[in-house]
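Trainee: My structure is below; once you've seen it, I'll send some questions.
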Amino acid sequence: MAQPAPWEHAEPLTVASAPVPAYGSGSLADLLPTLAAGMGVPGVTPAIPELTGTDRACVFLIDGLGWEQLRAHPDEAPYLTSLLSGSRGGTGRPITAGYPATTATSLASVGTGLPPGAHGLPGYTVRDPATGELMNQLRWQPWTAPDAWQPYPTVFQLAHDAGVHAAQVSSPAFANTPLTKIALSGGTFHGRLTGEERMDLAAEQLAAADRALIYTYYAELDGAGHRYGVASDTWRGQLMYVDRLVQRLAEQLPPRSALYVTADHGMIDVPFDEEHRLDFDLDWELRAGVALLGGEGRARHVYALPGAEGDVLTCWREVLGEQFWVASRDEAIAAGWFGPHVDDRVYARIGDVVAAACDDVLIIASEREPKESAMVGNHGSMTPDEQLVPLLEVRS
C-alpha cells in the first residue's frame, strides 16, 4: 500500500515528518546568489544547479503566487501557464519558499540570499530578546535598529559593489521602510505606482548596463487572497492582471536578459468555524504557561513563562498534534526548519515551541489579532499550497 504524504496523516505528527524547505539547492534564498554568481559577483555561491548564467537578470516577485494556485488556474493565467513546463531551468518543478512561508521572512531570504536562521527574520512576529516584546517584522513595530536586527549585506549590495547595475522597482511606499533597507537595498530604488509602470521601468533598468540585477514586485494578489480567498472572483481577477504584467515585461526584455517570475509563498483558504479556527484567546489549555504568542495562524512561535517550556510543549502536542507539526525550539532547529544553521543572535527570537499547520486549520487570536484572525486566505506553514513557489523563466 502506498504511504500517505506527510500532510495526509492519521496519527500524531512527528517533527521529522515535516517537509523541510530545500535550503541550499532550491529555495528562495538560493535564487539571487545563483544569478549574481553567474555575473561574476564575488562572495556568493551558485546554489540552484538548473539555472544558467545571464548578463542581465530581472526577478519579478508576485506576492502570494503559489505554485499550486497557479497550476489550478490556467484559464486566468494563460501566459504564466505556458511557462510552467520551463520552471526551474526547464525541469518543470517549483522551488520552496522557506519556513515560515510569509512575506517578511521570504523577502529577507530573497534579498540576502540567506535562510531565516541566518538573516534573522524567522516569522511574522517574533520576540525581541533585548526587550521581551513581540516584534512585527513586516511592519517593523516596535522600531528597532535595522542593521543590528539583520547585519548581512544584501546580494544587491554585493552586486553593486562588484560593478553590476542593481535596482529595485516597486511601490513608492516601500522606498524607505526598514524591511526594504535590510532585505532589498543596494543600488537604486525606483518607486512607481502602477504595475504597468513598474514593468516598463524594470525593462529599462535591465537595458541600462551590460550587467544588471533588477528586482520588481507586485503585492495586490496577496491582498486579494487574504481578504477574499484564493477561490474568489477578486483573486482570480488579480491573477489575470498579473498574467498580463508578466507578458508585458517579457516582451520588452533587452538582449542577453532573463526574467525570473517567483513568489514569497502560496496560500490556503481556511473555513470560518471552530473546527478549523482554534482561538488561542478562548482556549485555556493553549494559553496555560504561555507568556507571548507570536508568528501567525499557520506558523506559531510560542514563548513560555520561565520554567513552563516543557509543559507548554506537551500541552500543545496533545491538543494539536494531529493537525500541526509541534516542535521545541531545538527540535525545529535540528530538523532544519529555519535552515542549516541558526545564528546566536536569532536563537531566542524563535519560540520555545514552534507549531506549523498541516491541515486547513489556524490558531487565531481573536482578541489580540482581530484583523489577522478575520483573513480568509492564510499562509506560513510547510504544506505544498504554502511552500511551493514557481521559478518561471523567459530569456531574450
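Chain labels follow the order of the C-alpha cells: the first chain is A, the next B, and so on; residue numbering restarts at 1 in every chain, and ligands are counted from 1 in their shown order.
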List the neighbours of Phe60 of chain A out to 8 Å using only C-alpha atoms; skip same-chain residues closer than 5 positions along the sequence, and give me the result as an NGL selection string.

Mentor: :A and (215-218 or 259-262)

Trainee: Give me, as a ChimeraX atom specification, all polymer residues having an atom no more than 12 Å from Gly310 of chain A, counting only C-alpha atoms and skipping those fewer than 5 positions away in the same chain.

Mentor: /A:288-290,302-305,315-317,327-329,352-353

Trainee: Pick out the closest residue to Ser373 of chain A from this set: A:Asp128, A:Leu35, A:Gly187, A:Asp273. Count only C-alpha atoms.

Mentor: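 Among A:Asp128, A:Leu35, A:Gly187, A:Asp273, it is A:Asp273 that comes nearest to Ser373 of chain A.
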
Trainee: Skip segment 156-158 of chain A itself and residues of its chain fewer than 5 positions away, then list as a ChimeraX atom specification all residues within 8 Å of it, counting only C-alpha atoms.

Mentor: /A:41-43,111,166-167,184-187,213

Trainee: Could you turn the residues from that selection into a file that holds C-alpha atoms, as an mmCIF file, in the first residue's frame?

Mentor:
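Final output, saved to part-v7.cif:
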data_model
loop_
_atom_site.group_PDB
_atom_site.id
_atom_site.type_symbol
_atom_site.label_atom_id
_atom_site.label_comp_id
_atom_site.auth_asym_id
_atom_site.auth_seq_id
_atom_site.Cartn_x
_atom_site.Cartn_y
_atom_site.Cartn_z
ATOM 1 C CA VAL A 41 29.942 38.787 -8.302
ATOM 2 C CA PRO A 42 32.379 37.695 -5.555
ATOM 3 C CA GLY A 43 31.176 36.444 -2.195
ATOM 4 C CA GLY A 111 17.439 39.798 -0.791
ATOM 5 C CA ALA A 166 21.446 46.843 -9.304
ATOM 6 C CA ALA A 167 17.983 48.342 -8.931
ATOM 7 C CA LEU A 184 16.328 44.677 -0.663
ATOM 8 C CA SER A 185 18.669 47.676 -0.582
ATOM 9 C CA GLY A 186 21.734 48.112 -2.780
ATOM 10 C CA GLY A 187 21.957 50.073 -5.995
ATOM 11 C CA LEU A 213 20.374 42.671 -11.499
#

Trainee: So that I can check the surroundings of Trp140 of chain A, please list as a PyMOL selection string every protein, DNA and RNA residue that reaches within 10 Å of it, counting only C-alpha atoms and ignoring chain neighbours fewer than 2 positions away.

Mentor: chain A and resi 104+124-125+135-138+142-146+177-179

Trainee: Store the residues of this selection in a file with all heavy atoms, as a short mmCIF file (atom, residue, chain, number, x, y, z; two decimals), in the first residue's frame.

Mentor:
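The file below, result_25.cif, is the result:
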data_model
loop_
_atom_site.label_atom_id
_atom_site.label_comp_id
_atom_site.auth_asym_id
_atom_site.auth_seq_id
_atom_site.Cartn_x
_atom_site.Cartn_y
_atom_site.Cartn_z
N ALA A 104 7.67 38.77 5.14
CA ALA A 104 8.89 39.36 5.69
C ALA A 104 10.04 38.38 5.65
O ALA A 104 11.17 38.73 5.28
CB ALA A 104 8.63 39.84 7.12
N TYR A 124 6.42 36.18 11.21
CA TYR A 124 5.65 37.42 11.07
C TYR A 124 5.86 38.30 12.30
O TYR A 124 6.22 39.48 12.19
CB TYR A 124 4.18 37.07 10.86
CG TYR A 124 3.23 38.24 10.83
CD1 TYR A 124 3.35 39.22 9.85
CD2 TYR A 124 2.20 38.36 11.76
CE1 TYR A 124 2.48 40.31 9.81
CE2 TYR A 124 1.32 39.42 11.73
CZ TYR A 124 1.46 40.40 10.75
OH TYR A 124 0.59 41.47 10.71
N THR A 125 5.63 37.74 13.49
CA THR A 125 6.00 38.41 14.73
C THR A 125 6.85 37.46 15.55
O THR A 125 6.54 36.27 15.66
CB THR A 125 4.77 38.85 15.56
OG1 THR A 125 3.99 37.69 15.91
CG2 THR A 125 3.91 39.82 14.78
N MET A 135 7.99 41.59 18.11
CA MET A 135 8.42 42.48 17.04
C MET A 135 7.73 42.03 15.75
O MET A 135 7.86 40.88 15.34
CB MET A 135 9.95 42.37 16.90
CG MET A 135 10.52 42.78 15.56
SD MET A 135 10.48 44.54 15.28
CE MET A 135 11.60 44.63 13.87
N ASN A 136 6.96 42.95 15.14
CA ASN A 136 6.33 42.66 13.86
C ASN A 136 7.34 42.99 12.77
O ASN A 136 7.66 44.16 12.54
CB ASN A 136 5.05 43.49 13.69
CG ASN A 136 4.29 43.13 12.43
OD1 ASN A 136 4.84 43.10 11.34
ND2 ASN A 136 3.00 42.85 12.58
N GLN A 137 7.83 41.95 12.08
CA GLN A 137 8.94 42.14 11.15
C GLN A 137 8.48 42.59 9.77
O GLN A 137 9.31 42.97 8.95
CB GLN A 137 9.75 40.85 11.06
CG GLN A 137 10.38 40.49 12.39
CD GLN A 137 11.24 39.27 12.32
OE1 GLN A 137 12.45 39.31 12.43
NE2 GLN A 137 10.60 38.12 12.11
N LEU A 138 7.18 42.56 9.52
CA LEU A 138 6.67 43.12 8.28
C LEU A 138 6.46 44.62 8.42
O LEU A 138 6.87 45.40 7.55
CB LEU A 138 5.35 42.43 7.89
CG LEU A 138 4.75 42.82 6.55
CD1 LEU A 138 5.66 42.41 5.40
CD2 LEU A 138 3.37 42.18 6.37
N PRO A 142 7.53 47.11 17.38
CA PRO A 142 8.12 48.43 17.59
C PRO A 142 9.46 48.57 16.86
O PRO A 142 10.12 47.57 16.56
CB PRO A 142 8.32 48.48 19.11
CG PRO A 142 8.46 47.06 19.51
CD PRO A 142 7.57 46.28 18.60
N TRP A 143 9.83 49.79 16.57
CA TRP A 143 11.03 50.05 15.78
C TRP A 143 12.26 49.55 16.52
O TRP A 143 12.38 49.68 17.75
CB TRP A 143 11.16 51.54 15.52
CG TRP A 143 12.24 51.86 14.50
CD1 TRP A 143 12.09 51.95 13.15
CD2 TRP A 143 13.61 52.12 14.78
NE1 TRP A 143 13.29 52.24 12.56
CE2 TRP A 143 14.26 52.35 13.54
CE3 TRP A 143 14.38 52.16 15.94
CZ2 TRP A 143 15.62 52.63 13.43
CZ3 TRP A 143 15.74 52.43 15.84
CH2 TRP A 143 16.34 52.67 14.60
N THR A 144 13.18 48.96 15.79
CA THR A 144 14.49 48.61 16.32
C THR A 144 15.50 48.86 15.22
O THR A 144 15.14 48.94 14.04
CB THR A 144 14.53 47.15 16.79
OG1 THR A 144 15.75 46.90 17.49
CG2 THR A 144 14.41 46.19 15.62
N ALA A 145 16.75 49.00 15.58
CA ALA A 145 17.79 49.35 14.61
C ALA A 145 17.88 48.28 13.53
O ALA A 145 18.22 47.12 13.85
CB ALA A 145 19.13 49.53 15.31
N PRO A 146 17.60 48.60 12.27
CA PRO A 146 17.58 47.58 11.22
C PRO A 146 18.89 46.84 11.05
O PRO A 146 18.90 45.61 10.92
CB PRO A 146 17.22 48.38 9.96
CG PRO A 146 16.49 49.58 10.47
CD PRO A 146 17.16 49.91 11.75
N THR A 177 11.37 51.91 3.92
CA THR A 177 10.97 51.07 5.06
C THR A 177 12.17 50.29 5.59
O THR A 177 13.10 49.96 4.84
CB THR A 177 9.88 50.07 4.65
OG1 THR A 177 10.42 49.13 3.72
CG2 THR A 177 8.69 50.79 4.03
N PRO A 178 12.17 49.97 6.88
CA PRO A 178 13.26 49.14 7.42
C PRO A 178 13.38 47.79 6.71
O PRO A 178 14.50 47.30 6.51
CB PRO A 178 12.88 48.99 8.89
CG PRO A 178 12.06 50.20 9.20
CD PRO A 178 11.29 50.46 7.96
N LEU A 179 12.26 47.18 6.34
CA LEU A 179 12.33 45.89 5.68
C LEU A 179 13.04 46.02 4.33
O LEU A 179 13.86 45.16 3.97
CB LEU A 179 10.93 45.30 5.48
CG LEU A 179 10.87 43.90 4.83
CD1 LEU A 179 11.66 42.89 5.65
CD2 LEU A 179 9.43 43.45 4.67
#

Trainee: Here is a test: counting only C-alpha atoms, which residue of A:Gly195, A:Gly113, A:Gly297, A:Pro340 is nearest to Thr154 of chain A?

Mentor: A:Gly113

Trainee: Hey, which bits of segment 233-333 of chain A sit within 12 Å of segment 358-365 of chain A, and for each residue what's the closest pair of atoms and how far apart in Å (one decimal), counting only C-alpha atoms, rows by chain and increasing number, as a Markdown table?

Mentor:
| residue | atom | partner | partner_atom | distance |
| --- | --- | --- | --- | --- |
| A:Met267 | CA | A:Asp360 | CA | 10.6 |
| A:Ile268 | CA | A:Asp360 | CA | 7.3 |
| A:Asp269 | CA | A:Asp360 | CA | 7.4 |
| A:Val270 | CA | A:Asp360 | CA | 5.6 |
| A:Pro271 | CA | A:Asp360 | CA | 7.9 |
| A:Phe272 | CA | A:Val361 | CA | 9.7 |
| A:Asp273 | CA | A:Val361 | CA | 9.8 |
| A:Glu274 | CA | A:Val361 | CA | 9.5 |
| A:Glu275 | CA | A:Val361 | CA | 7.7 |
| A:His276 | CA | A:Val361 | CA | 4.4 |
| A:Arg277 | CA | A:Leu362 | CA | 4.8 |
| A:Leu278 | CA | A:Ile363 | CA | 4.8 |
| A:Asp279 | CA | A:Ile364 | CA | 4.9 |
| A:Phe280 | CA | A:Ala365 | CA | 5.2 |
| A:Asp281 | CA | A:Ala365 | CA | 5.3 |
| A:Leu282 | CA | A:Ala365 | CA | 8.1 |
| A:Asp283 | CA | A:Ala365 | CA | 9.7 |
| A:Leu286 | CA | A:Ile363 | CA | 9.7 |
| A:Arg287 | CA | A:Ala365 | CA | 10.6 |
| A:Leu292 | CA | A:Ala365 | CA | 11.5 |
| A:Leu293 | CA | A:Ala365 | CA | 8.7 |
| A:Gly294 | CA | A:Ala365 | CA | 10.2 |
| A:Gly295 | CA | A:Ile363 | CA | 10.1 |
| A:Glu296 | CA | A:Ile363 | CA | 7.7 |
| A:Gly297 | CA | A:Ile363 | CA | 4.6 |
| A:Arg298 | CA | A:Leu362 | CA | 5.3 |
| A:Ala299 | CA | A:Ile363 | CA | 8.6 |
| A:Arg300 | CA | A:Ile363 | CA | 7.8 |
| A:His301 | CA | A:Ile363 | CA | 11.0 |
| A:Val302 | CA | A:Ile363 | CA | 11.3 |
| A:Trp316 | CA | A:Ile363 | CA | 11.2 |
| A:Val319 | CA | A:Ile363 | CA | 11.5 |
| A:Leu320 | CA | A:Ile363 | CA | 9.7 |
| A:Gly321 | CA | A:Cys358 | CA | 9.7 |
| A:Glu322 | CA | A:Cys358 | CA | 8.3 |
| A:Gln323 | CA | A:Cys358 | CA | 5.4 |
| A:Phe324 | CA | A:Cys358 | CA | 5.2 |
| A:Trp325 | CA | A:Cys358 | CA | 6.8 |
| A:Val326 | CA | A:Cys358 | CA | 10.1 |

Trainee: Show me, as JSON, numbers by chain, the residues that have an atom within 8 Å of Ala118 of chain A when counting only C-alpha atoms, minus same-chain residues fewer than 6 positions from it.

Mentor: {"A": [339, 341, 342, 343, 346]}

Trainee: Contacts of Arg256 of chain A at 10 Å or less, counting only C-alpha atoms, minus same-chain residues fewer than 5 places along, as a VMD selection string?

Mentor: chain A and resid 53 to 57 206 to 207 210 to 211 395 to 396

Trainee: Could those residues be written to a file, using all heavy atoms, as a compact mmCIF listing (two decimals), in the first residue's frame?

Mentor:
# COMPACT_ATOMS: atom_id res chain seq x y z
N GLY A 53 23.79 30.96 -16.39
CA GLY A 53 24.12 32.35 -16.20
C GLY A 53 23.56 33.26 -17.27
O GLY A 53 23.28 32.84 -18.40
N THR A 54 23.42 34.53 -16.91
CA THR A 54 22.99 35.55 -17.84
C THR A 54 23.59 36.88 -17.42
O THR A 54 23.89 37.08 -16.23
CB THR A 54 21.46 35.66 -17.90
OG1 THR A 54 21.08 36.62 -18.89
CG2 THR A 54 20.89 36.08 -16.55
N ASP A 55 23.80 37.78 -18.37
CA ASP A 55 24.39 39.08 -18.05
C ASP A 55 23.39 40.02 -17.39
O ASP A 55 23.76 40.90 -16.63
CB ASP A 55 24.92 39.75 -19.32
CG ASP A 55 26.08 38.99 -19.93
OD1 ASP A 55 26.86 38.39 -19.17
OD2 ASP A 55 26.21 39.00 -21.17
N ARG A 56 22.12 39.84 -17.74
CA ARG A 56 21.08 40.71 -17.22
C ARG A 56 19.95 39.85 -16.68
O ARG A 56 19.38 39.04 -17.40
CB ARG A 56 20.54 41.62 -18.32
CG ARG A 56 21.56 42.59 -18.89
CD ARG A 56 21.08 43.17 -20.20
NE ARG A 56 21.90 44.29 -20.65
CZ ARG A 56 21.95 44.72 -21.90
NH1 ARG A 56 21.21 44.12 -22.84
NH2 ARG A 56 22.72 45.74 -22.23
N ALA A 57 19.61 40.04 -15.42
CA ALA A 57 18.56 39.23 -14.81
C ALA A 57 17.58 40.13 -14.07
O ALA A 57 17.97 41.06 -13.37
CB ALA A 57 19.14 38.20 -13.84
N LEU A 206 17.00 47.01 -16.91
CA LEU A 206 17.75 45.87 -17.42
C LEU A 206 18.69 46.28 -18.55
O LEU A 206 19.81 45.78 -18.67
CB LEU A 206 16.79 44.79 -17.93
CG LEU A 206 16.37 43.67 -17.00
CD1 LEU A 206 15.42 42.73 -17.73
CD2 LEU A 206 17.56 42.90 -16.47
N ALA A 207 18.21 47.18 -19.38
CA ALA A 207 18.98 47.61 -20.55
C ALA A 207 20.01 48.69 -20.22
O ALA A 207 20.77 49.10 -21.09
CB ALA A 207 18.04 48.12 -21.64
N ASP A 210 25.62 46.62 -19.14
CA ASP A 210 25.94 45.31 -19.70
C ASP A 210 25.65 44.19 -18.71
O ASP A 210 25.32 43.07 -19.11
CB ASP A 210 27.42 45.25 -20.11
CG ASP A 210 27.71 46.10 -21.34
OD1 ASP A 210 26.77 46.32 -22.13
OD2 ASP A 210 28.85 46.54 -21.50
N ARG A 211 25.81 44.49 -17.41
CA ARG A 211 25.44 43.54 -16.36
C ARG A 211 24.43 44.23 -15.45
O ARG A 211 24.69 45.33 -14.95
CB ARG A 211 26.66 43.09 -15.56
CG ARG A 211 27.67 42.25 -16.33
CD ARG A 211 28.77 41.75 -15.39
NE ARG A 211 29.47 42.86 -14.75
CZ ARG A 211 30.20 42.74 -13.63
NH1 ARG A 211 30.29 41.56 -13.02
NH2 ARG A 211 30.81 43.79 -13.12
N ARG A 395 13.75 34.09 -21.52
CA ARG A 395 15.05 34.60 -21.97
C ARG A 395 14.91 35.31 -23.31
O ARG A 395 14.09 34.92 -24.14
CB ARG A 395 16.07 33.46 -22.09
CG ARG A 395 16.59 32.99 -20.74
CD ARG A 395 17.65 31.91 -20.88
NE ARG A 395 18.24 31.63 -19.60
CZ ARG A 395 19.46 32.02 -19.21
NH1 ARG A 395 20.21 32.72 -20.04
NH2 ARG A 395 19.93 31.75 -18.00
N SER A 396 15.71 36.32 -23.49
CA SER A 396 15.70 37.05 -24.75
C SER A 396 16.90 36.65 -25.62
O SER A 396 17.86 36.06 -25.12
CB SER A 396 15.76 38.55 -24.49
OG SER A 396 16.94 38.91 -23.80

Trainee: Please return, as a PyMOL selection string, all residues of segment 15-244 of chain A that DSSP assigns to strand (DSSP E) on the basis of the backbone.

Mentor: chain A and resi 56-62+95-96+125-127+134-136+165-170+188-191+212-218

Trainee: Taking N, CA, C and O atoms for each residue, export the selection above as a short mmCIF file (atom, residue, chain, number, x, y, z; two decimals), in the first residue's frame.

Mentor:
data_model
loop_
_atom_site.label_atom_id
_atom_site.label_comp_id
_atom_site.auth_asym_id
_atom_site.auth_seq_id
_atom_site.Cartn_x
_atom_site.Cartn_y
_atom_site.Cartn_z
N ARG A 56 22.12 39.84 -17.74
CA ARG A 56 21.08 40.71 -17.22
C ARG A 56 19.95 39.85 -16.68
O ARG A 56 19.38 39.04 -17.40
N ALA A 57 19.61 40.04 -15.42
CA ALA A 57 18.56 39.23 -14.81
C ALA A 57 17.58 40.13 -14.07
O ALA A 57 17.97 41.06 -13.37
N CYS A 58 16.29 39.84 -14.24
CA CYS A 58 15.23 40.53 -13.52
C CYS A 58 14.41 39.50 -12.75
O CYS A 58 13.95 38.51 -13.33
N VAL A 59 14.25 39.73 -11.46
CA VAL A 59 13.39 38.89 -10.63
C VAL A 59 12.10 39.66 -10.38
O VAL A 59 12.11 40.76 -9.82
N PHE A 60 10.99 39.09 -10.82
CA PHE A 60 9.67 39.67 -10.58
C PHE A 60 8.99 38.81 -9.52
O PHE A 60 8.60 37.67 -9.79
N LEU A 61 8.88 39.34 -8.31
CA LEU A 61 8.27 38.60 -7.21
C LEU A 61 6.81 39.03 -7.06
O LEU A 61 6.53 40.20 -6.79
N ILE A 62 5.92 38.08 -7.24
CA ILE A 62 4.48 38.33 -7.13
C ILE A 62 4.02 37.77 -5.79
O ILE A 62 4.01 36.55 -5.58
N ILE A 95 10.31 25.78 -6.69
CA ILE A 95 11.25 25.86 -5.59
C ILE A 95 10.45 26.04 -4.31
O ILE A 95 9.22 26.11 -4.35
N THR A 96 11.11 26.11 -3.17
CA THR A 96 10.42 26.28 -1.90
C THR A 96 10.67 27.68 -1.34
O THR A 96 11.70 28.28 -1.59
N THR A 125 5.63 37.74 13.49
CA THR A 125 6.00 38.41 14.73
C THR A 125 6.85 37.46 15.55
O THR A 125 6.54 36.27 15.66
N VAL A 126 7.93 37.98 16.12
CA VAL A 126 8.80 37.18 16.97
C VAL A 126 9.21 38.01 18.18
O VAL A 126 9.14 39.25 18.16
N ARG A 127 9.67 37.33 19.20
CA ARG A 127 10.11 38.04 20.40
C ARG A 127 11.48 38.67 20.19
O ARG A 127 12.40 38.03 19.68
N LEU A 134 7.03 41.47 21.48
CA LEU A 134 6.86 40.95 20.14
C LEU A 134 7.25 42.01 19.12
O LEU A 134 6.86 43.17 19.24
N MET A 135 7.99 41.59 18.11
CA MET A 135 8.42 42.48 17.04
C MET A 135 7.73 42.03 15.75
O MET A 135 7.86 40.88 15.34
N ASN A 136 6.96 42.95 15.14
CA ASN A 136 6.33 42.66 13.86
C ASN A 136 7.34 42.99 12.77
O ASN A 136 7.66 44.16 12.54
N HIS A 165 24.94 46.73 -12.34
CA HIS A 165 23.85 47.68 -12.14
C HIS A 165 22.73 46.99 -11.37
O HIS A 165 22.10 46.05 -11.86
N ALA A 166 22.48 47.44 -10.16
CA ALA A 166 21.45 46.84 -9.30
C ALA A 166 20.36 47.87 -9.05
O ALA A 166 20.64 49.04 -8.78
N ALA A 167 19.10 47.42 -9.14
CA ALA A 167 17.98 48.34 -8.93
C ALA A 167 16.75 47.58 -8.48
O ALA A 167 16.57 46.40 -8.81
N GLN A 168 15.91 48.28 -7.71
CA GLN A 168 14.61 47.75 -7.28
C GLN A 168 13.53 48.68 -7.82
O GLN A 168 13.65 49.90 -7.70
N VAL A 169 12.48 48.10 -8.37
CA VAL A 169 11.35 48.86 -8.90
C VAL A 169 10.10 48.37 -8.18
O VAL A 169 9.67 47.23 -8.37
N SER A 170 9.53 49.23 -7.35
CA SER A 170 8.42 48.79 -6.51
C SER A 170 7.53 49.98 -6.19
O SER A 170 7.69 51.07 -6.74
N THR A 188 19.96 51.25 -6.71
CA THR A 188 18.99 52.33 -6.67
C THR A 188 17.57 51.79 -6.52
O THR A 188 17.24 50.71 -7.03
N PHE A 189 16.73 52.55 -5.83
CA PHE A 189 15.31 52.22 -5.67
C PHE A 189 14.50 53.16 -6.54
O PHE A 189 14.70 54.39 -6.50
N HIS A 190 13.56 52.62 -7.30
CA HIS A 190 12.69 53.41 -8.16
C HIS A 190 11.24 53.12 -7.79
O HIS A 190 10.78 51.99 -7.93
N GLY A 191 10.54 54.10 -7.32
CA GLY A 191 9.14 53.93 -6.95
C GLY A 191 8.21 54.25 -8.11
O GLY A 191 8.31 55.31 -8.72
N ALA A 212 23.30 43.58 -15.23
CA ALA A 212 22.24 44.20 -14.44
C ALA A 212 21.51 43.15 -13.63
O ALA A 212 21.26 42.03 -14.11
N LEU A 213 21.17 43.52 -12.39
CA LEU A 213 20.37 42.67 -11.50
C LEU A 213 19.22 43.53 -10.99
O LEU A 213 19.42 44.44 -10.19
N ILE A 214 18.02 43.24 -11.48
CA ILE A 214 16.85 44.08 -11.23
C ILE A 214 15.79 43.27 -10.49
O ILE A 214 15.60 42.08 -10.75
N TYR A 215 15.09 43.95 -9.58
CA TYR A 215 14.02 43.33 -8.80
C TYR A 215 12.77 44.18 -8.93
O TYR A 215 12.83 45.41 -8.83
N THR A 216 11.63 43.55 -9.15
CA THR A 216 10.36 44.26 -9.12
C THR A 216 9.32 43.40 -8.41
O THR A 216 9.51 42.19 -8.25
N TYR A 217 8.22 44.04 -8.00
CA TYR A 217 7.34 43.41 -7.01
C TYR A 217 5.91 43.87 -7.23
O TYR A 217 5.65 45.01 -7.62
N TYR A 218 4.97 42.94 -6.95
CA TYR A 218 3.55 43.26 -7.01
C TYR A 218 2.86 42.59 -5.84
O TYR A 218 3.00 41.37 -5.63
#

Trainee: I need the alpha helix (DSSP H) residues of segment 100-201 of chain A per DSSP on the backbone, written as a ChimeraX atom specification.

Mentor: /A:103-112,116-119,146-149,155-161,178-183,195-201

Trainee: Which is closest to Met39 of chain A among A:Arg93, A:His265, A:His160, A:Arg192, if we use only C-alpha atoms?

Mentor: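 That would be A:His160, the residue with the smallest distance to Met39 of chain A.
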
Trainee: Can you tell me, as a ChimeraX atom specification, what residues are no more than 9 Å from Arg244 of chain A when counting only C-alpha atoms, ignoring any on the same chain fewer than 6 positions away?

Mentor: /A:77,79-80

Trainee: Next, write the just-selected residues to a file, as an mmCIF file, in the first residue's frame, keeping N, CA and C atoms as the atom set.

Mentor:
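Written output follows (result_37.cif):
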data_model
loop_
_atom_site.group_PDB
_atom_site.id
_atom_site.type_symbol
_atom_site.label_atom_id
_atom_site.label_comp_id
_atom_site.auth_asym_id
_atom_site.auth_seq_id
_atom_site.Cartn_x
_atom_site.Cartn_y
_atom_site.Cartn_z
ATOM 1 N N ALA A 77 -4.599 32.577 -16.167
ATOM 2 C CA ALA A 77 -3.193 32.937 -16.355
ATOM 3 C C ALA A 77 -2.590 32.148 -17.516
ATOM 4 N N TYR A 79 -0.589 33.028 -19.997
ATOM 5 C CA TYR A 79 0.838 33.248 -20.282
ATOM 6 C C TYR A 79 1.707 32.582 -19.226
ATOM 7 N N LEU A 80 1.396 32.791 -17.960
ATOM 8 C CA LEU A 80 2.157 32.138 -16.897
ATOM 9 C C LEU A 80 2.088 30.622 -17.017
#

Trainee: Quick one: pull the distance between atom CA of Tyr241 of chain A and atom CA of Ala108 of chain A, Å, one decimal.

Mentor: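 Rounded to one decimal, the two atoms are 25.9 Å apart.
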
Trainee: Could I get the residues of segment 9-120 of chain A with an atom no further than 12 Å from an atom of segment 383-387 of chain A, each paired with its nearest atom pair and that distance in Å to one decimal, using only C-alpha atoms, sorted by chain and residue number, as a tab-separated table?

Mentor:
residue	atom	partner	partner_atom	distance
A:Ser17	CA	A:Thr383	CA	11.4
A:Ala18	CA	A:Thr383	CA	8.6
A:Pro19	CA	A:Thr383	CA	7.5
A:Val20	CA	A:Gln387	CA	9.4
A:Pro21	CA	A:Gln387	CA	7.6
A:Ala22	CA	A:Gln387	CA	10.1
A:Gly26	CA	A:Gln387	CA	11.8
A:Ser27	CA	A:Gln387	CA	9.7
A:Leu28	CA	A:Gln387	CA	10.4
A:Asp63	CA	A:Glu386	CA	11.8
A:Gly64	CA	A:Glu386	CA	8.7
A:Leu65	CA	A:Glu386	CA	9.4
A:Gly66	CA	A:Glu386	CA	6.6
A:Trp67	CA	A:Asp385	CA	7.3
A:Glu68	CA	A:Asp385	CA	5.6
A:Gln69	CA	A:Asp385	CA	7.2
A:Leu70	CA	A:Asp385	CA	10.2
A:Arg71	CA	A:Asp385	CA	10.8
A:Ala72	CA	A:Asp385	CA	10.8
A:Pro94	CA	A:Gln387	CA	9.5
A:Ile95	CA	A:Gln387	CA	8.3
A:Thr96	CA	A:Gln387	CA	5.4
A:Ala97	CA	A:Gln387	CA	5.3
A:Gly98	CA	A:Gln387	CA	6.9
A:Tyr99	CA	A:Gln387	CA	8.0
A:Pro100	CA	A:Gln387	CA	8.5
A:Ala101	CA	A:Gln387	CA	5.9
A:Thr102	CA	A:Glu386	CA	8.8
A:Thr103	CA	A:Glu386	CA	11.4
A:Ser106	CA	A:Gln387	CA	10.6

Trainee: Measuring atom to atom with only C-alpha atoms, identify which of A:Gly237, A:Glu318, A:Leu201, A:Val394 is nearest to Pro255 of chain A.

Mentor: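 Nearest candidate to Pro255 of chain A out of A:Gly237, A:Glu318, A:Leu201, A:Val394: A:Val394.
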